[in-house]
Structures are given as structure tokens and as C-alpha cells.
Amino acid sequence: FVSDLGQIKERYKEVFEKHKIRWEEGRHTEKEILAADEVIKSPGIKEDAPIIIKIREKRIPVISEIEFAGRYAKGIKICVTGSNGKTTVTNLIYHIIKKAGKNAAMTGNV
């Protein structure tokens with residue numbers, strides 16, 4: 001179930017429909033969300049958002065999009081965190097790996 005307080009792009013709606021994924025836009029139906037076994041939270045949703053507070057009060061696990069995707073990625077992951085320089089370091093690592101003739105991909109916000 002996908003819930004978005006904003007508008008969902010048509011191309012995503014088509015994917016949801018094709019795969020029979022239920023979705024809503026312009027609202028969050030609490031009953032649906034609070035019945036979840038796990039919630040994948042967009043980084044754009046603040047931790048103090050009322051719906052997130054309610055989810056955490058119900059002790060429903062909340063994970064990030066990257067954590068969810070990482071469950072299904074089979075390759076080696078190099079994760080870069082910190083306050084400054086993440087994009088530069090990520091690009092440098094990618095460049096080194098590609099120059100070494102290896103298969104690489106950058107994901108996340110880059």
C-alpha cells in the first residue's frame with residue numbers, strides 16, 4: 001500500500017496499477033497505515049509528523065527507502081555518510097571502480 005500526501009506522478013500510478021498495488025494520494029488513511037507490518041518512510045517526511053508519531057507509538061518498524069532497497073541489492077555496497085563531501089566522495093569512489101573495469105552503480109541522492 002502506497003500513501004502519499006502529495007500528488008503521485010502518472011508513470012508511478014501506471015506501475016502500481018500494473019502490479020495491483022493499492023495506493024492513495026492527497027491524504028494518509030491512518031487505518032490503513034497503522035495496520036502495516038512495516039513502514040517505509042520517505043526522507044522528506046519529518047520524524048515529528050503526526051502520522052510518524054502514531055506509527056512509532058504502535059511500535060510498527062519504520063525503515064528508510066535505502067534500507068528497503070538494500071535488502072534486494074545483491075552487489076557489494078559502499079555507503080557514504082557525513083555532513084560534508086558525500087557527493088564528491090561518492091563520485092570519486094564510482095570513478096575509481098569504473099576505471100578499474102568493474103561494474104558499478106551510484107544510487108541514493110547522487
# chains A, B, ... in the order shown; residues from 1 in each chain; ligands from 1
$ residues_around --residues "A:Val80" --least-positions-apart "2" --cutoff "10 Å" --atoms "only C-alpha atoms" --output "list in words"
Lys77, Ile78, Gly82, Gly85, Lys86, Thr87, Val89, Thr90 and Ile93 of chain A
$ write_last_selection --atoms "C-alpha atoms" --output "PDB file, in the first residue's frame"
ATOM      1  CA  LYS A  77      27.590  -1.759  -1.043  1.00  0.00           C
ATOM      2  CA  ILE A  78      29.840   1.160  -0.208  1.00  0.00           C
ATOM      3  CA  GLY A  82      28.547  12.508   6.955  1.00  0.00           C
ATOM      4  CA  GLY A  85      31.583  15.924   0.915  1.00  0.00           C
ATOM      5  CA  LYS A  86      29.314  12.929   0.373  1.00  0.00           C
ATOM      6  CA  THR A  87      28.638  13.650  -3.290  1.00  0.00           C
ATOM      7  CA  VAL A  89      33.432  11.119  -2.269  1.00  0.00           C
ATOM      8  CA  THR A  90      30.679   9.049  -3.882  1.00  0.00           C
ATOM      9  CA  ILE A  93      34.643   6.033  -5.487  1.00  0.00           C
TER      10      ILE A  93
END
$ select_by_dssp --residues "stretch 62-91 of chain A" --states "alpha helix (DSSP H)" --output "count of residues only"
12
$ residues_around --residues "stretch 5-18 of chain A" --least-positions-apart "6" --cutoff "9 Å" --atoms "only C-alpha atoms" --output "list in words"
Glu24, Glu25, Gly26, Arg27 and His28 of chain A
$ write_last_selection --atoms "C-alpha atoms" --output "PDB file, in the first residue's frame"
ATOM      1  CA  GLU A  24      -3.745   6.816  -2.378  1.00  0.00           C
ATOM      2  CA  GLU A  25      -2.724  10.413  -2.920  1.00  0.00           C
ATOM      3  CA  GLY A  26      -3.582  13.674  -1.240  1.00  0.00           C
ATOM      4  CA  ARG A  27      -4.109  12.019   2.139  1.00  0.00           C
ATOM      5  CA  HIS A  28      -2.881   9.391   4.579  1.00  0.00           C
TER       6      HIS A  28
END
$ residues_around --residues "A:Gly108" --least-positions-apart "3" --cutoff "10 Å" --atoms "only C-alpha atoms" --output "PyMOL selection string"
chain A and resi 65-66+79
$ write_last_selection --atoms "all heavy atoms" --output "PDB file, in the first residue's frame"
ATOM      1  N   GLU A  65      13.944   4.162   2.621  1.00  0.00           N
ATOM      2  CA  GLU A  65      13.864   3.601   1.274  1.00  0.00           C
ATOM      3  C   GLU A  65      15.147   2.840   0.945  1.00  0.00           C
ATOM      4  O   GLU A  65      15.112   1.778   0.324  1.00  0.00           O
ATOM      5  CB  GLU A  65      13.651   4.720   0.255  1.00  0.00           C
ATOM      6  CG  GLU A  65      12.329   5.435   0.427  1.00  0.00           C
ATOM      7  CD  GLU A  65      12.270   6.738  -0.340  1.00  0.00           C
ATOM      8  OE1 GLU A  65      13.304   7.426  -0.474  1.00  0.00           O
ATOM      9  OE2 GLU A  65      11.178   7.073  -0.823  1.00  0.00           O
ATOM     10  N   ILE A  66      16.287   3.382   1.377  1.00  0.00           N
ATOM     11  CA  ILE A  66      17.571   2.744   1.075  1.00  0.00           C
ATOM     12  C   ILE A  66      17.697   1.424   1.827  1.00  0.00           C
ATOM     13  O   ILE A  66      18.201   0.441   1.289  1.00  0.00           O
ATOM     14  CB  ILE A  66      18.735   3.706   1.385  1.00  0.00           C
ATOM     15  CG1 ILE A  66      18.635   4.863   0.421  1.00  0.00           C
ATOM     16  CG2 ILE A  66      20.057   2.994   1.362  1.00  0.00           C
ATOM     17  CD1 ILE A  66      19.851   5.660   0.169  1.00  0.00           C
ATOM     18  N   CYS A  79      28.748   2.573   1.421  1.00  0.00           N
ATOM     19  CA  CYS A  79      27.830   3.615   1.864  1.00  0.00           C
ATOM     20  C   CYS A  79      28.620   4.800   2.405  1.00  0.00           C
ATOM     21  O   CYS A  79      29.528   4.624   3.214  1.00  0.00           O
ATOM     22  CB  CYS A  79      26.902   3.060   2.941  1.00  0.00           C
ATOM     23  SG  CYS A  79      26.022   1.564   2.407  1.00  0.00           S
TER      24      CYS A  79
END
